[in-house]
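So this one's protein.cif, mmCIF, C-alpha atoms (C1' of nucleotides):
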data_upload
loop_
_atom_site.label_atom_id
_atom_site.label_comp_id
_atom_site.auth_asym_id
_atom_site.auth_seq_id
_atom_site.Cartn_x
_atom_site.Cartn_y
_atom_site.Cartn_z
CA MET A 1 0.00 0.00 0.00
CA ARG A 2 1.06 3.56 -0.69
CA TYR A 3 0.49 6.26 1.86
CA HIS A 4 0.54 10.05 1.93
CA ARG A 5 1.44 12.39 4.77
CA THR A 6 -2.22 12.77 5.71
CA ASP A 7 -2.67 9.00 6.16
CA ILE A 8 0.31 8.85 8.45
CA VAL A 9 -0.84 11.85 10.49
CA GLU A 10 -4.30 10.37 10.82
CA ARG A 11 -2.91 7.08 12.09
CA ALA A 12 -0.65 8.96 14.50
CA VAL A 13 -3.63 10.85 15.91
CA GLY A 14 -5.35 7.54 16.52
CA ILE A 15 -2.38 6.11 18.40
CA LEU A 16 -1.99 9.31 20.39
CA ASP A 17 -5.57 9.27 21.57
CA ALA A 18 -5.63 5.54 22.27
CA TYR A 19 -2.22 5.02 23.90
CA GLY A 20 -0.75 8.45 24.70
CA LEU A 21 2.25 10.46 23.62
CA ALA A 22 4.77 8.11 25.25
CA ASP A 23 3.65 5.28 22.95
CA LEU A 24 3.56 7.41 19.82
CA SER A 25 6.79 6.06 18.32
CA MET A 26 7.91 5.95 14.72
CA ARG A 27 8.09 2.18 14.95
CA ARG A 28 4.56 1.96 16.31
CA ILE A 29 3.10 4.19 13.61
CA ALA A 30 4.95 2.23 10.94
CA SER A 31 3.85 -1.16 12.24
CA GLU A 32 0.20 -0.09 12.49
CA LEU A 33 0.40 0.95 8.84
CA GLY A 34 2.18 -2.25 7.87
CA LEU A 35 5.35 -0.38 6.94
CA GLN A 36 8.99 -0.48 7.87
CA PRO A 37 9.96 2.41 10.20
CA SER A 38 12.32 3.76 7.56
CA ALA A 39 9.40 4.29 5.17
CA LEU A 40 8.14 7.16 7.35
CA TYR A 41 11.30 9.11 6.56
CA HIS A 42 10.16 9.38 3.01
CA HIS A 43 7.27 11.54 4.22
CA PHE A 44 8.78 13.35 7.20
CA GLY A 45 12.32 14.47 7.84
CA SER A 46 12.21 13.51 11.51
CA LYS A 47 9.91 12.46 14.32
CA GLN A 48 9.69 16.09 15.48
CA GLU A 49 8.41 17.09 12.05
CA LEU A 50 5.78 14.37 12.14
CA LEU A 51 4.69 15.40 15.64
CA ALA A 52 4.38 19.01 14.52
CA ALA A 53 2.05 17.87 11.74
CA VAL A 54 0.00 15.93 14.29
CA ALA A 55 -0.17 19.01 16.54
CA ASP A 56 -1.38 21.12 13.63
CA GLU A 57 -3.97 18.49 12.79
CA LEU A 58 -5.40 18.58 16.33
CA LEU A 59 -5.69 22.36 16.17
CA ASP A 60 -7.31 22.22 12.74
CA ARG A 61 -9.86 19.72 13.98
CA GLY A 62 -10.79 22.01 16.85
CA ALA A 63 -10.80 25.20 14.78
CA ARG A 64 -13.75 27.55 15.04
CA PRO A 65 -14.43 30.57 12.79
CA ASP A 66 -12.99 33.93 13.76
CA VAL A 67 -15.46 36.57 14.87
CA PRO A 68 -13.97 39.82 13.55
CA GLU A 69 -16.93 41.91 14.67
CA ALA A 70 -16.41 41.00 18.33
CA SER A 71 -14.33 43.14 20.68
CA TRP A 72 -10.64 42.30 21.06
CA ASP A 73 -11.05 40.81 24.52
CA GLU A 74 -13.95 38.62 23.45
CA ARG A 75 -11.85 37.41 20.51
CA VAL A 76 -8.84 36.61 22.69
CA LEU A 77 -11.12 34.79 25.13
CA ALA A 78 -12.73 32.82 22.29
CA LEU A 79 -9.36 31.91 20.76
CA SER A 80 -8.02 30.78 24.14
CA HIS A 81 -11.01 28.54 24.72
CA GLU A 82 -10.84 27.17 21.20
CA LEU A 83 -7.21 26.26 21.78
CA ARG A 84 -7.94 24.72 25.16
CA ASP A 85 -10.84 22.65 23.85
CA ALA A 86 -8.85 21.48 20.82
CA MET A 87 -6.01 20.24 23.06
CA LEU A 88 -8.31 18.67 25.66
CA ALA A 89 -10.13 16.74 22.94
CA TYR A 90 -7.21 14.30 22.52
CA ARG A 91 -5.12 12.42 25.02
CA ASP A 92 -1.87 14.29 25.77
CA GLY A 93 -3.00 16.94 23.27
CA ALA A 94 -1.72 19.85 25.34
CA GLU A 95 1.71 18.34 25.89
CA LEU A 96 2.05 17.52 22.21
CA VAL A 97 1.03 20.98 20.99
CA ALA A 98 3.08 22.79 23.62
CA THR A 99 6.16 20.73 22.79
CA ALA A 100 5.77 21.25 19.04
CA HIS A 101 5.42 24.97 19.67
CA ALA A 102 8.46 25.04 21.96
CA TYR A 103 10.53 23.36 19.24
CA GLY A 104 9.45 26.05 16.79
CA LEU A 105 7.80 23.62 14.39
CA GLY A 106 4.19 24.00 13.28
CA VAL A 107 1.55 25.59 15.52
CA ARG A 108 2.10 29.02 14.05
CA SER A 109 -1.52 30.02 13.70
CA PRO A 110 -2.56 30.48 17.36
CA VAL A 111 0.06 33.17 17.99
CA GLU A 112 -0.81 34.91 14.77
CA ARG A 113 -4.54 34.83 15.36
CA LEU A 114 -4.10 36.19 18.88
CA ALA A 115 -1.72 38.90 17.70
CA THR A 116 -4.08 39.86 14.87
CA ALA A 117 -6.97 40.28 17.29
CA LEU A 118 -4.84 42.59 19.41
CA GLU A 119 -3.49 44.58 16.49
CA GLY A 120 -7.06 45.07 15.31
CA ALA A 121 -7.70 46.78 18.63
CA GLY A 122 -4.95 49.34 17.95
CA PHE A 123 -2.11 47.77 19.92
CA ASP A 124 1.20 48.08 18.14
CA GLU A 125 2.78 45.00 16.60
CA ALA A 126 5.51 44.44 19.17
CA PHE A 127 3.12 44.73 22.10
CA ALA A 128 0.55 42.54 20.39
CA ARG A 129 3.10 39.78 19.90
CA THR A 130 4.32 39.88 23.49
CA ALA A 131 0.76 39.94 24.82
CA ALA A 132 -0.19 37.07 22.49
CA MET A 133 2.77 35.01 23.71
CA THR A 134 1.83 35.76 27.32
CA VAL A 135 -1.67 34.43 26.72
CA LEU A 136 -0.29 31.43 24.87
CA HIS A 137 2.19 30.50 27.61
CA PHE A 138 -0.63 30.62 30.10
CA VAL A 139 -2.93 28.49 27.96
CA PHE A 140 -0.26 25.85 27.26
CA GLY A 141 0.88 25.70 30.87
CA HIS A 142 -2.59 25.59 32.34
CA VAL A 143 -4.06 23.04 29.97
CA THR A 144 -0.99 20.80 30.20
CA GLY A 145 -1.39 20.70 33.97
CA GLU A 146 -5.14 20.29 33.69
CA GLN A 147 -4.83 17.34 31.31
CA ALA A 148 -2.09 15.66 33.35
CA HIS A 149 -4.34 15.95 36.37
CA ARG A 150 -7.41 14.62 34.57
CA GLN A 151 -5.55 11.62 33.23
CA ALA A 152 -4.03 10.91 36.64
CA ASN A 153 -7.53 10.91 38.13
CA SER A 154 -9.14 8.80 35.43
CA ALA A 155 -6.25 6.35 35.89
CA GLY A 156 -7.61 5.41 39.27
CA ALA A 157 -6.65 8.12 41.77
CA ILE A 158 -9.21 9.20 44.36
CA ASP A 159 -8.53 12.92 44.21
CA ALA A 160 -11.07 14.82 42.10
CA ASP A 161 -9.13 18.09 42.19
CA PRO A 162 -10.49 19.31 45.55
CA LEU A 163 -8.25 22.36 45.40
CA GLY A 164 -9.58 23.40 42.01
CA ARG A 165 -6.00 23.75 40.90
CA ALA A 166 -6.66 23.42 37.23
CA ASP A 167 -10.29 23.50 36.19
CA THR A 168 -12.27 25.76 33.91
CA GLY A 169 -12.74 28.29 36.70
CA SER A 170 -9.04 28.80 37.29
CA PHE A 171 -8.48 28.87 33.53
CA ASP A 172 -10.89 31.77 33.14
CA LEU A 173 -9.58 33.49 36.24
CA GLY A 174 -5.94 33.31 35.18
CA LEU A 175 -6.84 34.41 31.68
CA SER A 176 -8.86 37.34 33.02
CA LEU A 177 -5.81 38.57 34.94
CA ILE A 178 -3.80 38.75 31.72
CA LEU A 179 -6.69 40.35 29.83
CA GLU A 180 -7.04 42.95 32.57
CA GLY A 181 -3.34 43.69 32.29
CA ILE A 182 -3.64 44.14 28.53
CA ARG A 183 -6.77 46.25 28.93
CA HIS A 184 -4.85 48.53 31.25
CA ARG A 185 -2.61 49.48 28.32
CA ARG A 186 -5.19 49.73 25.62
CA PRO A 187 -4.52 52.53 23.16
CA ALA A 188 -6.99 55.31 22.48
CA THR A 189 -8.42 53.63 19.39
CA ALA A 190 -9.37 50.56 21.40
CA LYS A 191 -11.37 52.42 24.06
CA ARG A 192 -15.09 51.94 24.00
CA GLU A 193 -17.03 54.88 22.67
CA PRO A 194 -18.17 57.07 25.61
CA MET B 1 33.07 3.42 45.09
CA ARG B 2 29.86 4.15 47.00
CA TYR B 3 27.72 7.06 46.07
CA HIS B 4 24.85 9.00 47.62
CA ARG B 5 21.93 10.75 45.94
CA THR B 6 23.77 14.06 46.07
CA ASP B 7 26.76 12.65 44.15
CA ILE B 8 24.48 11.34 41.44
CA VAL B 9 22.55 14.61 41.19
CA GLU B 10 25.80 16.56 41.00
CA ARG B 11 27.07 14.39 38.16
CA ALA B 12 23.73 14.71 36.38
CA VAL B 13 23.90 18.50 36.59
CA GLY B 14 27.33 18.34 34.99
CA ILE B 15 26.10 16.20 32.11
CA LEU B 16 23.04 18.41 31.65
CA ASP B 17 25.09 21.57 31.36
CA ALA B 18 27.75 20.01 29.14
CA TYR B 19 25.63 17.89 26.77
CA GLY B 20 21.99 18.91 27.23
CA LEU B 21 18.82 17.22 28.43
CA ALA B 22 18.63 14.85 25.45
CA ASP B 23 21.93 13.25 26.48
CA LEU B 24 21.06 13.06 30.16
CA SER B 25 20.35 9.34 30.22
CA MET B 26 20.50 6.90 33.10
CA ARG B 27 23.12 4.91 31.24
CA ARG B 28 25.24 8.02 30.69
CA ILE B 29 25.08 9.08 34.33
CA ALA B 30 25.94 5.56 35.45
CA SER B 31 28.87 5.20 33.07
CA GLU B 32 30.34 8.57 34.07
CA LEU B 33 30.23 7.39 37.68
CA GLY B 34 31.68 3.99 36.78
CA LEU B 35 28.47 2.22 37.74
CA GLN B 36 26.03 -0.14 36.11
CA PRO B 37 22.76 1.61 35.10
CA SER B 38 20.84 -0.59 37.51
CA ALA B 39 22.81 0.83 40.44
CA LEU B 40 21.02 4.17 40.04
CA TYR B 41 17.73 2.49 40.91
CA HIS B 42 19.00 1.95 44.38
CA HIS B 43 18.98 5.73 44.86
CA PHE B 44 16.04 6.81 42.69
CA GLY B 45 12.83 5.01 41.87
CA SER B 46 12.82 6.19 38.27
CA LYS B 47 14.47 8.57 35.85
CA GLN B 48 11.66 11.09 36.43
CA GLU B 49 12.46 11.07 40.13
CA LEU B 50 16.13 11.67 39.44
CA LEU B 51 15.31 14.52 37.03
CA ALA B 52 13.05 16.10 39.64
CA ALA B 53 15.96 16.06 42.08
CA VAL B 54 18.17 17.69 39.43
CA ALA B 55 15.51 20.36 38.83
CA ASP B 56 15.32 21.10 42.55
CA GLU B 57 19.09 21.31 42.69
CA LEU B 58 19.18 23.94 39.93
CA LEU B 59 16.58 26.01 41.76
CA ASP B 60 18.46 25.67 45.05
CA ARG B 61 21.66 26.83 43.42
CA GLY B 62 19.93 29.93 42.08
CA ALA B 63 18.01 30.66 45.28
CA ARG B 64 18.06 34.17 46.69
CA PRO B 65 16.74 35.26 50.10
CA ASP B 66 13.12 36.29 50.39
CA VAL B 67 12.47 39.96 51.08
CA PRO B 68 9.39 39.94 53.33
CA GLU B 69 9.48 43.70 53.88
CA ALA B 70 9.04 44.43 50.17
CA SER B 71 5.62 44.98 48.59
CA TRP B 72 3.84 41.97 47.13
CA ASP B 73 4.49 42.99 43.52
CA GLU B 74 8.17 43.58 44.15
CA ARG B 75 8.36 40.14 45.75
CA VAL B 76 6.59 38.43 42.85
CA LEU B 77 8.87 40.25 40.42
CA ALA B 78 11.97 39.22 42.38
CA LEU B 79 10.83 35.59 42.62
CA SER B 80 10.11 35.47 38.89
CA HIS B 81 13.54 36.81 38.06
CA GLU B 82 15.19 34.46 40.51
CA LEU B 83 13.45 31.55 38.85
CA ARG B 84 14.34 32.77 35.36
CA ASP B 85 17.99 33.30 36.25
CA ALA B 86 18.25 29.93 37.96
CA MET B 87 16.91 28.14 34.88
CA LEU B 88 18.97 30.16 32.40
CA ALA B 89 22.14 29.36 34.34
CA TYR B 90 22.19 25.76 33.04
CA ARG B 91 21.73 24.30 29.59
CA ASP B 92 18.10 23.19 29.06
CA GLY B 93 17.40 24.31 32.63
CA ALA B 94 13.98 25.73 31.79
CA GLU B 95 12.81 22.63 29.93
CA LEU B 96 13.99 20.39 32.75
CA VAL B 97 12.33 22.40 35.52
CA ALA B 98 9.11 22.92 33.56
CA THR B 99 8.89 19.21 32.75
CA ALA B 100 9.54 18.16 36.34
CA HIS B 101 6.86 20.58 37.47
CA ALA B 102 4.40 19.34 34.84
CA TYR B 103 4.92 15.78 36.07
CA GLY B 104 4.12 16.89 39.59
CA LEU B 105 7.49 15.86 41.02
CA GLY B 106 9.73 18.27 42.90
CA VAL B 107 9.75 22.01 42.19
CA ARG B 108 7.16 22.70 44.84
CA SER B 109 8.79 25.78 46.34
CA PRO B 110 8.31 28.34 43.55
CA VAL B 111 4.51 28.03 43.60
CA GLU B 112 4.47 28.18 47.37
CA ARG B 113 6.75 31.18 47.59
CA LEU B 114 4.70 33.06 45.00
CA ALA B 115 1.44 32.17 46.71
CA THR B 116 2.82 33.19 50.10
CA ALA B 117 3.82 36.60 48.78
CA LEU B 118 0.29 37.10 47.46
CA GLU B 119 -1.42 35.86 50.62
CA GLY B 120 0.74 38.25 52.61
CA ALA B 121 -0.85 41.03 50.58
CA GLY B 122 -4.33 39.99 51.69
CA PHE B 123 -5.40 37.93 48.69
CA ASP B 124 -7.34 34.86 49.68
CA GLU B 125 -5.72 31.45 49.36
CA ALA B 126 -7.59 30.24 46.27
CA PHE B 127 -6.91 33.42 44.34
CA ALA B 128 -3.28 33.47 45.43
CA ARG B 129 -2.75 29.97 44.13
CA THR B 130 -4.35 30.66 40.77
CA ALA B 131 -2.43 33.91 40.39
CA ALA B 132 0.82 32.15 41.39
CA MET B 133 0.20 29.43 38.81
CA THR B 134 -0.52 32.06 36.17
CA VAL B 135 2.80 33.74 36.86
CA LEU B 136 4.56 30.38 36.88
CA HIS B 137 3.08 29.24 33.57
CA PHE B 138 4.27 32.47 32.02
CA VAL B 139 7.76 32.18 33.47
CA PHE B 140 8.18 28.54 32.39
CA GLY B 141 6.81 29.16 28.91
CA HIS B 142 8.77 32.32 28.30
CA VAL B 143 12.11 31.09 29.59
CA THR B 144 11.79 27.76 27.79
CA GLY B 145 11.31 29.63 24.52
CA GLU B 146 14.04 32.08 25.37
CA GLN B 147 16.55 29.34 26.14
CA ALA B 148 15.63 27.31 23.04
CA HIS B 149 16.19 30.44 20.99
CA ARG B 150 19.51 31.27 22.64
CA GLN B 151 20.84 27.77 22.13
CA ALA B 152 19.69 27.74 18.51
CA ASN B 153 21.58 30.98 17.97
CA SER B 154 24.75 29.94 19.75
CA ALA B 155 24.65 26.75 17.67
CA GLY B 156 25.49 28.72 14.55
CA ALA B 157 22.33 30.45 13.33
CA ILE B 158 22.59 34.03 12.04
CA ASP B 159 19.43 35.34 13.64
CA ALA B 160 20.09 37.32 16.83
CA ASP B 161 16.42 37.61 17.77
CA PRO B 162 15.61 40.66 15.64
CA LEU B 163 11.96 40.47 16.63
CA GLY B 164 12.79 40.52 20.34
CA ARG B 165 10.51 37.56 20.68
CA ALA B 166 11.93 36.34 23.94
CA ASP B 167 14.39 38.66 25.65
CA THR B 168 14.45 40.30 29.07
CA GLY B 169 12.27 43.14 27.80
CA SER B 170 9.41 40.90 26.72
CA PHE B 171 9.80 38.89 29.91
CA ASP B 172 9.28 42.00 32.02
CA LEU B 173 6.50 43.24 29.78
CA GLY B 174 4.55 39.99 29.86
CA LEU B 175 5.04 39.71 33.59
CA SER B 176 3.86 43.27 34.12
CA LEU B 177 0.60 42.46 32.33
CA ILE B 178 -0.12 39.68 34.80
CA LEU B 179 0.93 41.83 37.75
CA GLU B 180 -1.38 44.59 36.57
CA GLY B 181 -4.22 42.11 36.35
CA ILE B 182 -3.54 40.94 39.89
CA ARG B 183 -3.22 44.52 41.13
CA HIS B 184 -6.63 45.26 39.67
CA ARG B 185 -8.14 42.81 42.17
CA ARG B 186 -6.12 43.68 45.20
CA PRO B 187 -8.08 43.53 48.42
CA ALA B 188 -8.45 46.48 50.79
CA THR B 189 -5.62 45.36 53.05
CA ALA B 190 -3.18 45.41 50.15
CA LYS B 191 -3.90 48.97 49.06
CA ARG B 192 -1.18 51.47 49.69
CA GLU B 193 -1.89 53.84 52.57
CA PRO B 194 -3.42 57.06 51.17
"C1'" DA C 1 23.12 -0.87 51.99
"C1'" DC C 2 24.98 -0.69 47.61
"C1'" DC C 3 26.21 -2.65 43.50
"C1'" DT C 4 27.07 -6.23 39.31
"C1'" DG C 5 25.66 -8.88 35.25
"C1'" DA C 6 22.53 -10.09 32.27
"C1'" DA C 7 18.49 -9.73 30.18
"C1'" DC C 8 13.86 -7.68 28.27
"C1'" DA C 9 11.55 -4.87 25.39
"C1'" DC C 10 12.09 -1.26 23.19
"C1'" DC C 11 13.90 3.51 20.64
"C1'" DG C 12 15.21 7.20 16.19
"C1'" DT C 13 17.76 7.33 12.15
"C1'" DT C 14 20.62 5.99 8.01
"C1'" DC C 15 21.35 3.82 3.78
"C1'" DA C 16 21.94 0.66 -0.03
"C1'" DA C 17 18.82 -1.73 -2.66
"C1'" DG C 18 14.46 -2.86 -4.77
"C1'" DT C 19 9.87 -1.68 -7.80
"C1'" DA D 1 8.08 8.15 -5.74
"C1'" DC D 2 7.65 5.00 -2.23
"C1'" DC D 3 9.20 1.31 0.24
"C1'" DT D 4 12.19 -2.97 2.20
"C1'" DG D 5 15.89 -5.03 4.95
"C1'" DA D 6 19.40 -4.62 7.72
"C1'" DA D 7 22.15 -2.34 10.56
"C1'" DC D 8 23.98 1.32 14.09
"C1'" DA D 9 23.94 3.22 18.32
"C1'" DC D 10 21.42 3.73 21.67
"C1'" DC D 11 17.23 3.73 25.58
"C1'" DG D 12 14.60 2.74 30.80
"C1'" DT D 13 13.75 -0.82 33.86
"C1'" DT D 14 13.83 -5.39 36.33
"C1'" DC D 15 15.88 -8.88 38.97
"C1'" DA D 16 18.66 -12.57 40.81
"C1'" DA D 17 22.97 -12.62 42.76
"C1'" DG D 18 27.05 -10.87 45.06
"C1'" DT D 19 29.67 -8.15 49.17
#

Show the structure stored in the file as structure tokens.
Amino acid sequence: MRYHRTDIVERAVGILDAYGLADLSMRRIASELGLQPSALYHHFGSKQELLAAVADELLDRGARPDVPEASWDERVLALSHELRDAMLAYRDGAELVATAHAYGLGVRSPVERLATALEGAGFDEAFARTAAMTVLHFVFGHVTGEQAHRQANSAGAIDADPLGRADTGSFDLGLSLILEGIRHRRPATAKREP
Amino acid sequence: MRYHRTDIVERAVGILDAYGLADLSMRRIASELGLQPSALYHHFGSKQELLAAVADELLDRGARPDVPEASWDERVLALSHELRDAMLAYRDGAELVATAHAYGLGVRSPVERLATALEGAGFDEAFARTAAMTVLHFVFGHVTGEQAHRQANSAGAIDADPLGRADTGSFDLGLSLILEGIRHRRPATAKREP
DNA sequence: ACCTGAACACCGTTCAAGT
DNA sequence: ACCTGAACACCGTTCAAGT
């Protein structure tokens, strides 16, 4: 059988969700496709490159349309939740996406969409990028912890997060702190009409 | 020769700084100590446990005294910079510490110290923890990116971060956004005297 | 208490060769 | 263009046995 990149990515997503990131090996993907491991290197230069494609696929699957008519803070909130939901939808999704992003491969669109929303509100480009990265670091860090915690619980622990360390409430609260900080610097053009 | 945990951690720190996290294997540590890999399992239950001890060691080495007489925001700022400097002081330090923290092993003190500083300002415990985690997610995410970028540059790339994506300036700027958001919710007891 | 020796069950990646 | 077969140079972890 002959495969394309998309077939391989699809199979990888299946393994990820069923067995987790630790079991997502080149050899495993190859064997599930009935290929030799070396065959994958015809489609991807390295495992990192393949994982980046998988990360992008997860984000694409969870993508929701932009709402350009909404206010900048509503858009940033919506983008953050879209990202969170997309990562939570697959086992180890947050860790995979965060790692791919840290290695500078794939996952370009979230930063750009966040920065665009902020620039649309009149923030200058440099500030918009820093603010977008600040939001993104929070989202990745929070959701990674949240997912680790969920999986630890569903794997038989008693603890149901009694401290509320990493649920939706603390996600929205942490995010609101950053949004408030950004709001505090909003330029004249972004102020609501009086 | 007979070794203790501290000897093993010390050797691991040396390998980390000289060869990076990817080469910090149990077999490498053992061979540099003249031991069989299995000997390490007498001192640590798993590689994760050993890495957590290494992460704690890096943070201990970069520790600076608390300044209880300073204002809460000065203390949070100082703790964030202490953490950043401690991680930047060793190759792949940020990735190691962030990973250990994500796996819930070791690295307990930064969260607690941040939360304590906020509670001292009159914030309630739940808010203090969420705010501390928000700061921590930012610090881990930013410094991980910063260090990846630095190492990519020192490894022969031309790019000297022309976009200022992850330097001290954007660290302070991102952090100030979060601090402003926290400030916005400060309780009565934390307000400056009029 | 601390370590050896040997094994188990894996990895990512390269490369000549095949169709 | 896409893949096989075989190899290279590794992994983390377990466990009986030694001192």

Inset, instruction - Evaluate the PyMOL selection byres ((chain A and resi 78) around 12) here and jot the selected residues down as a list in words. - result: Ala63, Arg64, Pro65, Asp66, Val67, Pro68, Ala70, Ser71, Trp72, Asp73, Glu74, Arg75, Val76, Leu77, Leu79, Ser80, His81, Glu82, Leu83, Arg84, Asp85, Pro110, Arg113, Leu114, Ala117, Asp172 and Leu175 of chain A

Legend entry - Given the PyMOL selection byres ((chain D) within 8 of (chain B)), the residues it picks as a PyMOL selection string: chain D and resi 11-13

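Among the candidate residues A:Ala18, A:Ala115, A:Ile29, A:Leu173, the one lying nearest to chain B is A:Leu173, with distances computed using only C-alpha atoms.
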
Inset, instruction - Apply the PyMOL selection byres ((chain B) within 9 of (chain A)) to the displayed file and report the matching residues as an NGL selection string. - result: :B and (101-104 or 126-127 or 129-131 or 133-142 or 144-145 or 148 or 163-166 or 170-171 or 173-185)

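When the distance limit is 12 Å and all atoms listed in the file are what count, the residues near DA1 (chain D), minus those fewer than 6 positions from it on the same chain, are Arg2, Tyr3, His4, Ala39, His42 and His43 of chain A; DT19 of chain C.
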
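The interatomic distance for the pair CA of Ala89 (chain A) and CA of Arg28 (chain A) works out to 21.9 Å.
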
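Considering only C-alpha atoms, the residue among B:Glu57, B:Gly62, B:Leu105, B:Asn153 positioned nearest to Arg5 (chain B) is B:Glu57.
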
Legend entry - 12 Å contact set for Pro187 (chain A), all atoms listed in the file, chain neighbours under 6 positions out, as a PyMOL selection string: chain A and resi 118-124+127-128
